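Engineer: Sending over target.pdb (PDB, C-alpha atoms).
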ATOM      1  CA  MET A   1     -77.861  51.436 -53.237
ATOM      2  CA  SER A   2     -74.344  50.067 -52.770
ATOM      3  CA  ALA A   3     -72.455  49.843 -49.480
ATOM      4  CA  SER A   4     -70.365  52.967 -50.122
ATOM      5  CA  ASP A   5     -73.538  54.992 -50.773
ATOM      6  CA  ILE A   6     -74.759  54.103 -47.308
ATOM      7  CA  THR A   7     -71.450  54.437 -45.487
ATOM      8  CA  GLN A   8     -70.828  57.970 -46.720
ATOM      9  CA  TYR A   9     -73.618  59.183 -44.412
ATOM     10  CA  PHE A  10     -71.688  57.761 -41.471
ATOM     11  CA  ASP A  11     -68.643  59.681 -42.689
ATOM     12  CA  TYR A  12     -70.667  62.885 -42.493
ATOM     13  CA  ILE A  13     -72.002  62.035 -39.031
ATOM     14  CA  PHE A  14     -68.494  61.285 -37.754
ATOM     15  CA  MET A  15     -67.074  64.466 -39.259
ATOM     16  CA  ALA A  16     -69.830  66.508 -37.587
ATOM     17  CA  MET A  17     -69.051  64.817 -34.259
ATOM     18  CA  LEU A  18     -65.316  65.542 -34.685
ATOM     19  CA  LEU A  19     -66.104  69.198 -35.380
ATOM     20  CA  CYS A  20     -68.311  69.449 -32.255
ATOM     21  CA  ILE A  21     -65.611  67.865 -30.092
ATOM     22  CA  GLY A  22     -62.941  70.136 -31.567
ATOM     23  CA  ILE A  23     -64.982  73.222 -30.682
ATOM     24  CA  ALA A  24     -65.713  71.825 -27.215
ATOM     25  CA  VAL A  25     -61.983  71.192 -26.599
ATOM     26  CA  ILE A  26     -61.284  74.823 -27.437
ATOM     27  CA  ARG A  27     -64.120  76.192 -25.283
ATOM     28  CA  LEU A  28     -63.765  74.102 -22.106
ATOM     29  CA  ARG A  29     -61.547  75.290 -19.242
ATOM     30  CA  ASN A  30     -61.652  72.034 -17.268
ATOM     31  CA  LEU A  31     -58.536  70.116 -18.377
ATOM     32  CA  PHE A  32     -59.915  66.745 -17.288
ATOM     33  CA  ALA A  33     -62.927  67.218 -19.548
ATOM     34  CA  VAL A  34     -60.552  68.124 -22.373
ATOM     35  CA  VAL A  35     -58.564  64.900 -21.847
ATOM     36  CA  MET A  36     -61.807  62.880 -21.898
ATOM     37  CA  LEU A  37     -62.896  64.666 -25.057
ATOM     38  CA  THR A  38     -59.614  63.900 -26.841
ATOM     39  CA  GLY A  39     -60.136  60.238 -25.932
ATOM     40  CA  ALA A  40     -63.587  60.357 -27.505
ATOM     41  CA  TYR A  41     -62.077  62.210 -30.480
ATOM     42  CA  SER A  42     -59.655  59.332 -31.095
ATOM     43  CA  LEU A  43     -62.459  56.783 -30.806
ATOM     44  CA  ILE A  44     -64.562  58.641 -33.370
ATOM     45  CA  SER A  45     -61.696  59.124 -35.798
ATOM     46  CA  ALA A  46     -60.799  55.439 -35.547
ATOM     47  CA  ALA A  47     -64.421  54.519 -36.301
ATOM     48  CA  TRP A  48     -64.339  56.983 -39.175
ATOM     49  CA  PHE A  49     -61.184  55.375 -40.599
ATOM     50  CA  VAL A  50     -62.937  52.000 -40.515
ATOM     51  CA  SER A  51     -65.904  53.561 -42.299
ATOM     52  CA  LEU A  52     -63.483  54.909 -44.938
ATOM     53  CA  ASP A  53     -62.134  51.357 -45.461
ATOM     54  CA  ALA A  54     -58.749  52.173 -43.871
ATOM     55  CA  VAL A  55     -58.990  49.382 -41.310
ATOM     56  CA  ASP A  56     -55.262  49.346 -40.521
ATOM     57  CA  VAL A  57     -55.149  53.061 -39.800
ATOM     58  CA  GLY A  58     -58.219  52.664 -37.589
ATOM     59  CA  PHE A  59     -56.444  49.896 -35.688
ATOM     60  CA  THR A  60     -53.405  52.115 -35.047
ATOM     61  CA  GLU A  61     -55.568  55.066 -34.059
ATOM     62  CA  ALA A  62     -57.488  52.907 -31.600
ATOM     63  CA  ALA A  63     -54.325  51.587 -29.963
ATOM     64  CA  VAL A  64     -52.270  54.793 -29.895
ATOM     65  CA  GLY A  65     -54.884  57.546 -29.834
ATOM     66  CA  ALA A  66     -57.596  56.148 -27.616
ATOM     67  CA  GLY A  67     -55.396  54.017 -25.367
ATOM     68  CA  ILE A  68     -51.926  55.370 -24.754
ATOM     69  CA  SER A  69     -52.300  59.081 -25.410
ATOM     70  CA  THR A  70     -55.292  59.410 -23.043
ATOM     71  CA  VAL A  71     -53.187  57.902 -20.258
ATOM     72  CA  LEU A  72     -50.182  60.057 -21.265
ATOM     73  CA  LEU A  73     -52.309  63.214 -21.172
ATOM     74  CA  LEU A  74     -53.621  62.208 -17.738
ATOM     75  CA  GLY A  75     -50.020  61.776 -16.565
ATOM     76  CA  ALA A  76     -49.205  65.217 -17.936
ATOM     77  CA  MET A  77     -52.247  66.621 -16.101
ATOM     78  CA  LEU A  78     -50.737  65.310 -12.871
ATOM     79  CA  LEU A  79     -47.883  67.815 -13.325
ATOM     80  CA  THR A  80     -50.092  70.821 -14.012
ATOM     81  CA  SER A  81     -53.303  72.351 -12.712
ATOM     82  CA  ARG A  82     -56.921  71.244 -13.170
ATOM     83  CA  GLU A  83     -58.099  74.398 -14.885
ATOM     84  CA  ALA A  84     -56.649  76.146 -17.909
ATOM     85  CA  ASP A  85     -55.718  79.814 -17.581
ATOM     86  CA  LYS A  86     -57.664  82.315 -19.610
ATOM     87  CA  THR A  87     -55.898  83.097 -22.881
ATOM     88  CA  SER A  88     -55.766  86.631 -24.188
ATOM     89  CA  LEU A  89     -57.864  87.536 -27.227
ATOM     90  CA  GLY A  90     -54.727  88.434 -29.200
ATOM     91  CA  ARG A  91     -53.333  84.909 -28.935
ATOM     92  CA  HIS A  92     -56.705  83.460 -29.943
ATOM     93  CA  ALA A  93     -56.748  85.746 -32.963
ATOM     94  CA  ALA A  94     -53.193  84.771 -33.955
ATOM     95  CA  ALA A  95     -54.043  81.067 -33.679
ATOM     96  CA  ALA A  96     -57.255  81.608 -35.673
ATOM     97  CA  VAL A  97     -55.307  83.348 -38.459
ATOM     98  CA  VAL A  98     -52.792  80.484 -38.658
ATOM     99  CA  THR A  99     -55.464  77.749 -38.696
ATOM    100  CA  ILE A 100     -57.659  79.565 -41.229
ATOM    101  CA  ALA A 101     -54.640  80.108 -43.509
ATOM    102  CA  ALA A 102     -53.652  76.430 -43.238
ATOM    103  CA  GLY A 103     -57.267  75.346 -43.832
ATOM    104  CA  ALA A 104     -57.593  77.597 -46.861
ATOM    105  CA  GLY A 105     -54.337  76.160 -48.270
ATOM    106  CA  LEU A 106     -55.648  72.617 -47.786
ATOM    107  CA  PHE A 107     -58.954  73.495 -49.485
ATOM    108  CA  TYR A 108     -56.985  75.027 -52.367
ATOM    109  CA  ALA A 109     -54.967  71.810 -52.709
ATOM    110  CA  LEU A 110     -58.154  69.698 -52.585
ATOM    111  CA  GLY A 111     -58.789  70.297 -56.286
ATOM    112  CA  ASP A 112     -55.689  68.293 -57.240
ATOM    113  CA  MET A 113     -56.690  65.273 -55.146
ATOM    114  CA  PRO A 114     -58.024  62.203 -56.964
ATOM    115  CA  VAL A 115     -61.665  61.343 -56.311
ATOM    116  CA  TYR A 116     -62.244  58.949 -53.369
ATOM    117  CA  GLY A 117     -61.856  55.411 -54.717
ATOM    118  CA  ASP A 118     -60.725  56.589 -58.172
ATOM    119  CA  ALA A 119     -59.323  53.578 -60.080
ATOM    120  CA  ALA A 120     -57.112  55.847 -62.234
ATOM    121  CA  SER A 121     -55.432  57.661 -59.319
ATOM    122  CA  PRO A 122     -51.624  57.310 -59.038
ATOM    123  CA  ALA A 123     -51.973  55.191 -55.891
ATOM    124  CA  ASN A 124     -54.129  52.665 -57.744
ATOM    125  CA  THR A 125     -52.240  52.477 -61.047
ATOM    126  CA  GLY A 126     -48.469  52.503 -60.411
ATOM    127  CA  VAL A 127     -46.520  50.417 -57.962
ATOM    128  CA  GLY A 128     -49.530  50.125 -55.655
ATOM    129  CA  MET A 129     -51.301  47.638 -57.937
ATOM    130  CA  GLU A 130     -48.066  45.653 -58.167
ATOM    131  CA  TYR A 131     -47.990  45.291 -54.380
ATOM    132  CA  VAL A 132     -51.596  44.112 -54.400
ATOM    133  CA  ASP A 133     -50.948  41.610 -57.202
ATOM    134  CA  LEU A 134     -47.634  40.211 -55.969
ATOM    135  CA  THR A 135     -48.026  40.126 -52.195
ATOM    136  CA  ALA A 136     -49.789  36.766 -52.205
ATOM    137  CA  GLU A 137     -46.987  34.985 -54.082
ATOM    138  CA  GLN A 138     -43.938  36.989 -52.985
ATOM    139  CA  ILE A 139     -44.563  37.623 -49.286
ATOM    140  CA  VAL A 140     -47.197  34.912 -48.740
ATOM    141  CA  ILE A 141     -49.324  36.831 -46.220
ATOM    142  CA  PRO A 142     -52.910  38.032 -46.711
ATOM    143  CA  ASN A 143     -52.464  41.647 -45.515
ATOM    144  CA  VAL A 144     -51.025  43.933 -48.199
ATOM    145  CA  VAL A 145     -50.415  46.858 -45.825
ATOM    146  CA  THR A 146     -48.269  44.685 -43.580
ATOM    147  CA  ALA A 147     -46.397  43.360 -46.609
ATOM    148  CA  VAL A 148     -45.627  46.904 -47.791
ATOM    149  CA  LEU A 149     -44.580  48.137 -44.333
ATOM    150  CA  ALA A 150     -42.546  45.180 -43.188
ATOM    151  CA  SER A 151     -41.137  43.831 -46.435
ATOM    152  CA  TYR A 152     -41.309  46.054 -49.523
ATOM    153  CA  ARG A 153     -40.411  49.123 -47.464
ATOM    154  CA  GLY A 154     -38.635  47.249 -44.691
ATOM    155  CA  PHE A 155     -35.589  49.541 -44.578
ATOM    156  CA  ASP A 156     -37.827  52.584 -44.364
ATOM    157  CA  THR A 157     -39.692  51.065 -41.425
ATOM    158  CA  MET A 158     -36.400  50.129 -39.762
ATOM    159  CA  GLY A 159     -35.246  53.756 -40.078
ATOM    160  CA  GLU A 160     -38.495  54.925 -38.468
ATOM    161  CA  VAL A 161     -37.997  52.493 -35.616
ATOM    162  CA  PHE A 162     -34.474  53.872 -35.090
ATOM    163  CA  VAL A 163     -35.805  57.429 -35.019
ATOM    164  CA  VAL A 164     -38.539  56.569 -32.499
ATOM    165  CA  PHE A 165     -36.036  54.655 -30.382
ATOM    166  CA  ALA A 166     -33.577  57.579 -30.412
ATOM    167  CA  ALA A 167     -36.373  59.988 -29.445
ATOM    168  CA  GLY A 168     -37.485  57.739 -26.583
ATOM    169  CA  LEU A 169     -33.887  57.347 -25.423
ATOM    170  CA  GLY A 170     -33.428  61.133 -25.477
ATOM    171  CA  VAL A 171     -36.557  61.692 -23.398
ATOM    172  CA  ALA A 172     -35.511  58.954 -20.951
ATOM    173  CA  LEU A 173     -32.060  60.538 -20.559
ATOM    174  CA  LEU A 174     -33.563  63.992 -20.015
ATOM    175  CA  ILE A 175     -36.279  63.211 -17.477
ATOM    176  CA  GLY A 176     -34.995  59.891 -16.125
ATOM    177  CA  LEU A 177     -36.710  56.546 -15.998
ATOM    178  CA  GLY A 178     -38.547  57.450 -12.761
ATOM    179  CA  GLY A 179     -39.079  55.586  -9.489
ATOM    180  CA  SER A 180     -35.774  54.616  -7.884
ATOM    181  CA  LYS A 181     -33.975  57.974  -7.981
ATOM    182  CA  ARG A 182     -36.785  59.856  -6.260
ATOM    183  CA  GLU A 183     -36.689  57.753  -3.127
ATOM    184  CA  GLU A 184     -32.914  58.254  -2.666
ATOM    185  CA  ASP A 185     -33.252  62.056  -2.606
TER     186      ASP A 185
ATOM    187  CA  MET B   1     -84.192  41.919 -48.097
ATOM    188  CA  ILE B   2     -84.866  43.570 -44.752
ATOM    189  CA  THR B   3     -81.423  42.963 -43.205
ATOM    190  CA  PRO B   4     -79.480  45.908 -44.751
ATOM    191  CA  VAL B   5     -82.251  48.315 -43.728
ATOM    192  CA  LEU B   6     -82.218  46.860 -40.220
ATOM    193  CA  ASP B   7     -78.426  47.180 -40.001
ATOM    194  CA  PHE B   8     -78.613  50.736 -41.201
ATOM    195  CA  GLY B   9     -81.335  51.586 -38.677
ATOM    196  CA  ILE B  10     -79.350  50.079 -35.809
ATOM    197  CA  ALA B  11     -76.235  51.957 -36.886
ATOM    198  CA  ILE B  12     -78.177  55.224 -37.005
ATOM    199  CA  VAL B  13     -79.595  54.615 -33.521
ATOM    200  CA  LEU B  14     -76.067  53.920 -32.251
ATOM    201  CA  ALA B  15     -74.812  57.111 -33.887
ATOM    202  CA  ILE B  16     -77.574  59.096 -32.168
ATOM    203  CA  SER B  17     -76.671  57.584 -28.801
ATOM    204  CA  MET B  18     -73.020  58.521 -29.502
ATOM    205  CA  VAL B  19     -74.134  62.120 -29.978
ATOM    206  CA  LEU B  20     -76.022  61.952 -26.659
ATOM    207  CA  MET B  21     -72.857  60.662 -24.950
ATOM    208  CA  ILE B  22     -70.849  63.524 -26.431
ATOM    209  CA  SER B  23     -73.328  66.040 -25.061
ATOM    210  CA  ARG B  24     -73.057  64.455 -21.598
ATOM    211  CA  LEU B  25     -69.269  64.611 -21.964
ATOM    212  CA  PHE B  26     -69.547  68.279 -22.763
ATOM    213  CA  ILE B  27     -72.038  69.206 -20.024
ATOM    214  CA  GLY B  28     -70.463  67.176 -17.246
ATOM    215  CA  PRO B  29     -70.927  68.379 -14.545
ATOM    216  CA  THR B  30     -68.935  66.000 -12.331
ATOM    217  CA  LEU B  31     -65.852  64.004 -13.183
ATOM    218  CA  TYR B  32     -67.673  60.679 -12.892
ATOM    219  CA  ASP B  33     -70.296  61.747 -15.416
ATOM    220  CA  ARG B  34     -67.483  62.284 -17.881
ATOM    221  CA  VAL B  35     -65.688  59.018 -17.079
ATOM    222  CA  LEU B  36     -68.960  57.134 -17.513
ATOM    223  CA  ALA B  37     -69.725  59.041 -20.703
ATOM    224  CA  VAL B  38     -66.361  58.150 -22.256
ATOM    225  CA  ASN B  39     -66.681  54.524 -21.184
ATOM    226  CA  SER B  40     -70.187  54.292 -22.561
ATOM    227  CA  PHE B  41     -69.112  56.126 -25.701
ATOM    228  CA  GLY B  42     -66.405  53.499 -26.215
ATOM    229  CA  THR B  43     -69.004  50.758 -25.845
ATOM    230  CA  LYS B  44     -71.188  52.474 -28.456
ATOM    231  CA  THR B  45     -68.191  52.628 -30.794
ATOM    232  CA  VAL B  46     -67.543  48.910 -30.319
ATOM    233  CA  LEU B  47     -71.191  48.117 -31.119
ATOM    234  CA  PHE B  48     -71.169  50.477 -34.077
ATOM    235  CA  LEU B  49     -68.076  48.834 -35.563
ATOM    236  CA  ALA B  50     -69.623  45.387 -35.147
ATOM    237  CA  VAL B  51     -72.822  46.507 -36.918
ATOM    238  CA  PHE B  52     -70.812  48.334 -39.549
ATOM    239  CA  SER B  53     -68.672  45.312 -40.394
ATOM    240  CA  LEU B  54     -71.897  43.292 -40.773
ATOM    241  CA  MET B  55     -73.326  46.022 -42.977
ATOM    242  CA  VAL B  56     -70.446  46.083 -45.468
ATOM    243  CA  GLY B  57     -70.034  42.322 -45.224
ATOM    244  CA  ARG B  58     -66.419  42.214 -44.072
ATOM    245  CA  GLY B  59     -65.149  40.653 -40.889
ATOM    246  CA  ASP B  60     -62.191  43.017 -40.392
ATOM    247  CA  GLY B  61     -64.206  45.417 -38.271
ATOM    248  CA  LEU B  62     -64.767  42.799 -35.578
ATOM    249  CA  ASP B  63     -61.021  42.676 -34.776
ATOM    250  CA  ILE B  64     -60.992  46.405 -34.182
ATOM    251  CA  ALA B  65     -64.179  46.188 -32.146
ATOM    252  CA  LEU B  66     -62.447  43.657 -29.871
ATOM    253  CA  LEU B  67     -59.356  45.869 -29.576
ATOM    254  CA  TYR B  68     -61.583  48.823 -28.677
ATOM    255  CA  ALA B  69     -63.327  46.842 -25.990
ATOM    256  CA  LEU B  70     -59.959  45.953 -24.400
ATOM    257  CA  ILE B  71     -58.532  49.480 -24.650
ATOM    258  CA  ASN B  72     -61.721  51.023 -23.357
ATOM    259  CA  PHE B  73     -61.601  48.821 -20.273
ATOM    260  CA  ILE B  74     -57.930  49.563 -19.566
ATOM    261  CA  ALA B  75     -58.332  53.295 -20.154
ATOM    262  CA  THR B  76     -61.274  53.495 -17.753
ATOM    263  CA  ILE B  77     -59.281  51.710 -15.051
ATOM    264  CA  ALA B  78     -56.293  53.993 -15.667
ATOM    265  CA  ILE B  79     -58.452  57.117 -15.383
ATOM    266  CA  LEU B  80     -60.157  55.965 -12.189
ATOM    267  CA  LYS B  81     -56.831  54.894 -10.674
ATOM    268  CA  PHE B  82     -55.376  58.270 -11.543
ATOM    269  CA  PHE B  83     -58.162  60.040  -9.692
ATOM    270  CA  ARG B  84     -58.159  57.755  -6.688
ATOM    271  CA  TYR B  85     -54.404  57.699  -6.104
ATOM    272  CA  ARG B  86     -53.087  60.753  -8.052
ATOM    273  CA  SER B  87     -50.424  58.588  -9.654
ATOM    274  CA  LEU B  88     -50.015  55.937 -12.307
ATOM    275  CA  ASP B  89     -46.623  54.477 -11.372
ATOM    276  CA  VAL B  90     -47.550  52.230  -8.424
ATOM    277  CA  ALA B  91     -49.278  48.894  -8.930
ATOM    278  CA  LEU B  92     -52.918  48.727  -7.864
ATOM    279  CA  SER B  93     -52.227  45.677  -5.671
ATOM    280  CA  GLN B  94     -49.663  47.671  -3.672
ATOM    281  CA  MET B  95     -52.087  50.579  -3.386
ATOM    282  CA  ALA B  96     -54.679  48.290  -1.846
ATOM    283  CA  LEU B  97     -52.067  46.857   0.523
ATOM    284  CA  ARG B  98     -50.927  50.321   1.570
ATOM    285  CA  ARG B  99     -54.488  51.398   2.233
ATOM    286  CA  ALA B 100     -55.153  48.297   4.329
ATOM    287  CA  LEU B 101     -52.025  49.001   6.413
ATOM    288  CA  ASP B 102     -52.999  52.636   6.892
ATOM    289  CA  GLY B 103     -56.397  51.541   8.148
ATOM    290  CA  GLU B 104     -58.384  53.401   5.493
ATOM    291  CA  GLU B 105     -57.679  56.690   7.243
ATOM    292  CA  ASP B 106     -57.813  58.690   4.032
ATOM    293  CA  ASP B 107     -61.479  58.085   3.382
TER     294      ASP B 107
END
For this file, produce the structure as structure tokens.

Structural biologist:
Amino acid sequence: MSASDITQYFDYIFMAMLLCIGIAVIRLRNLFAVVMLTGAYSLISAAWFVSLDAVDVGFTEAAVGAGISTVLLLGAMLLTSREADKTSLGRHAAAAVVTIAAGAGLFYALGDMPVYGDAASPANTGVGMEYVDLTAEQIVIPNVVTAVLASYRGFDTMGEVFVVFAAGLGVALLIGLGGSKREED
Amino acid sequence: MITPVLDFGIAIVLAISMVLMISRLFIGPTLYDRVLAVNSFGTKTVLFLAVFSLMVGRGDGLDIALLYALINFIATIAILKFFRYRSLDVALSQMALRRALDGEEDD
């Protein structure tokens, strides 16, 4: 029994946990409990990413999902009430139709996906293998993901940084940087 | 070779305790039950990642386990601070000072 044979059972366990938490987030009215549950959701999905061998994605999920967004959601809770209002059945039905349609589309597209870990998939045959082979001599760092993000696709990453910076600047201009202004009023 | 079986057993036990934590998170009933459940859930995740990285024989998981431990700690403090002071934008040291000057009248 190889390692991936064993780890797939953890994938199933984590997926079941994610499903339970998703249902609980929908059912609960207490917003604080919902914030706590989303924190746990991020922790599970990060552990799941590690179990799927995507260690870098797990690292990002742990830092952004479990750390910052829990605190951000708490800050947002400060501006609203503790309990969620009851939603009408019609809106629930509309949301259910949209999610079921999107889920069905994703399941339909699943047939075209390469098998998990397939050596002949496009990601493992084309330029991806070249990155893996050449990173050690061209970029001289051990982590291939970092080499792709920061060097091979450096301009792309720089563009993303500009976009995130512009978005942050826009939000800061709209709602202010806090603190000092409030005490003058 | 008993070690892989042992690792697997420990990981399963940790997964079961994660499920227990989720149920406590769901049931509540008080706020502190939930804070404790999330904190303890984070600890279980850290332990699980450490066992998992041993199981597959790669050290990468330990880095993430360390990061989790740090984030878990900070998030718990942020949550508790939020509920004690209803705000995140004043330093804890100043909060303590303010409370000392007010003579703990808000307790």

Engineer: When distances are computed from only C-alpha atoms, which of B:Arg84, B:Ile79, B:Leu36, B:Tyr68 shows the smallest separation from Ala50 (chain B)?

Structural biologist: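 Going through B:Arg84, B:Ile79, B:Leu36, B:Tyr68 one by one, the smallest distance to Ala50 (chain B) is for B:Tyr68.
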
Engineer: Could you tell me how far CA of Tyr131 (chain A) sits from CA of Asp156 (chain A), in Å to one decimal place?

Structural biologist: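 Computed distance, CA of Asp156 (chain A) to CA of Tyr131 (chain A), equals 16.0 Å.
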
Engineer: Given the file above and the ChimeraX specification (/A :<8) & /B, which residues are selected, and can you give them as a CSV table (one decimal) with C-alpha atoms, keeping the file's coordinate frame?

Structural biologist:
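Saved file selection.csv follows:
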chain,number,residue,atom,x,y,z
B,8,PHE,CA,-78.6,50.7,-41.2
B,15,ALA,CA,-74.8,57.1,-33.9
B,19,VAL,CA,-74.1,62.1,-30.0
B,22,ILE,CA,-70.8,63.5,-26.4
B,25,LEU,CA,-69.3,64.6,-22.0
B,26,PHE,CA,-69.5,68.3,-22.8
B,28,GLY,CA,-70.5,67.2,-17.2
B,31,LEU,CA,-65.9,64.0,-13.2
B,34,ARG,CA,-67.5,62.3,-17.9
B,35,VAL,CA,-65.7,59.0,-17.1
B,38,VAL,CA,-66.4,58.2,-22.3
B,41,PHE,CA,-69.1,56.1,-25.7
B,42,GLY,CA,-66.4,53.5,-26.2
B,45,THR,CA,-68.2,52.6,-30.8
B,49,LEU,CA,-68.1,48.8,-35.6
B,52,PHE,CA,-70.8,48.3,-39.5
B,55,MET,CA,-73.3,46.0,-43.0
B,56,VAL,CA,-70.4,46.1,-45.5
B,60,ASP,CA,-62.2,43.0,-40.4
B,61,GLY,CA,-64.2,45.4,-38.3
B,64,ILE,CA,-61.0,46.4,-34.2
B,67,LEU,CA,-59.4,45.9,-29.6
B,68,TYR,CA,-61.6,48.8,-28.7
B,71,ILE,CA,-58.5,49.5,-24.6
B,72,ASN,CA,-61.7,51.0,-23.4
B,74,ILE,CA,-57.9,49.6,-19.6
B,75,ALA,CA,-58.3,53.3,-20.2
B,78,ALA,CA,-56.3,54.0,-15.7
B,79,ILE,CA,-58.5,57.1,-15.4
B,82,PHE,CA,-55.4,58.3,-11.5
B,86,ARG,CA,-53.1,60.8,-8.1
B,87,SER,CA,-50.4,58.6,-9.7
B,88,LEU,CA,-50.0,55.9,-12.3
B,89,ASP,CA,-46.6,54.5,-11.4

Engineer: Using all atoms of region 79-86 of chain B listed in the file and a margin of 5 Å per side, can you give the axis-aligned box centre and edge lengths in Å to one decimal, as JSON?

Structural biologist:
{"center_x": -56.6, "center_y": 57.8, "center_z": -10.7, "size_x": 17.1, "size_y": 15.9, "size_z": 19.3}

Engineer: Please indicate the distance in Å from CA of Asn124 (chain A) to CA of Thr146 (chain A), rounded to one decimal place.

Structural biologist: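 Rounded to one decimal, the two atoms are 17.3 Å apart.
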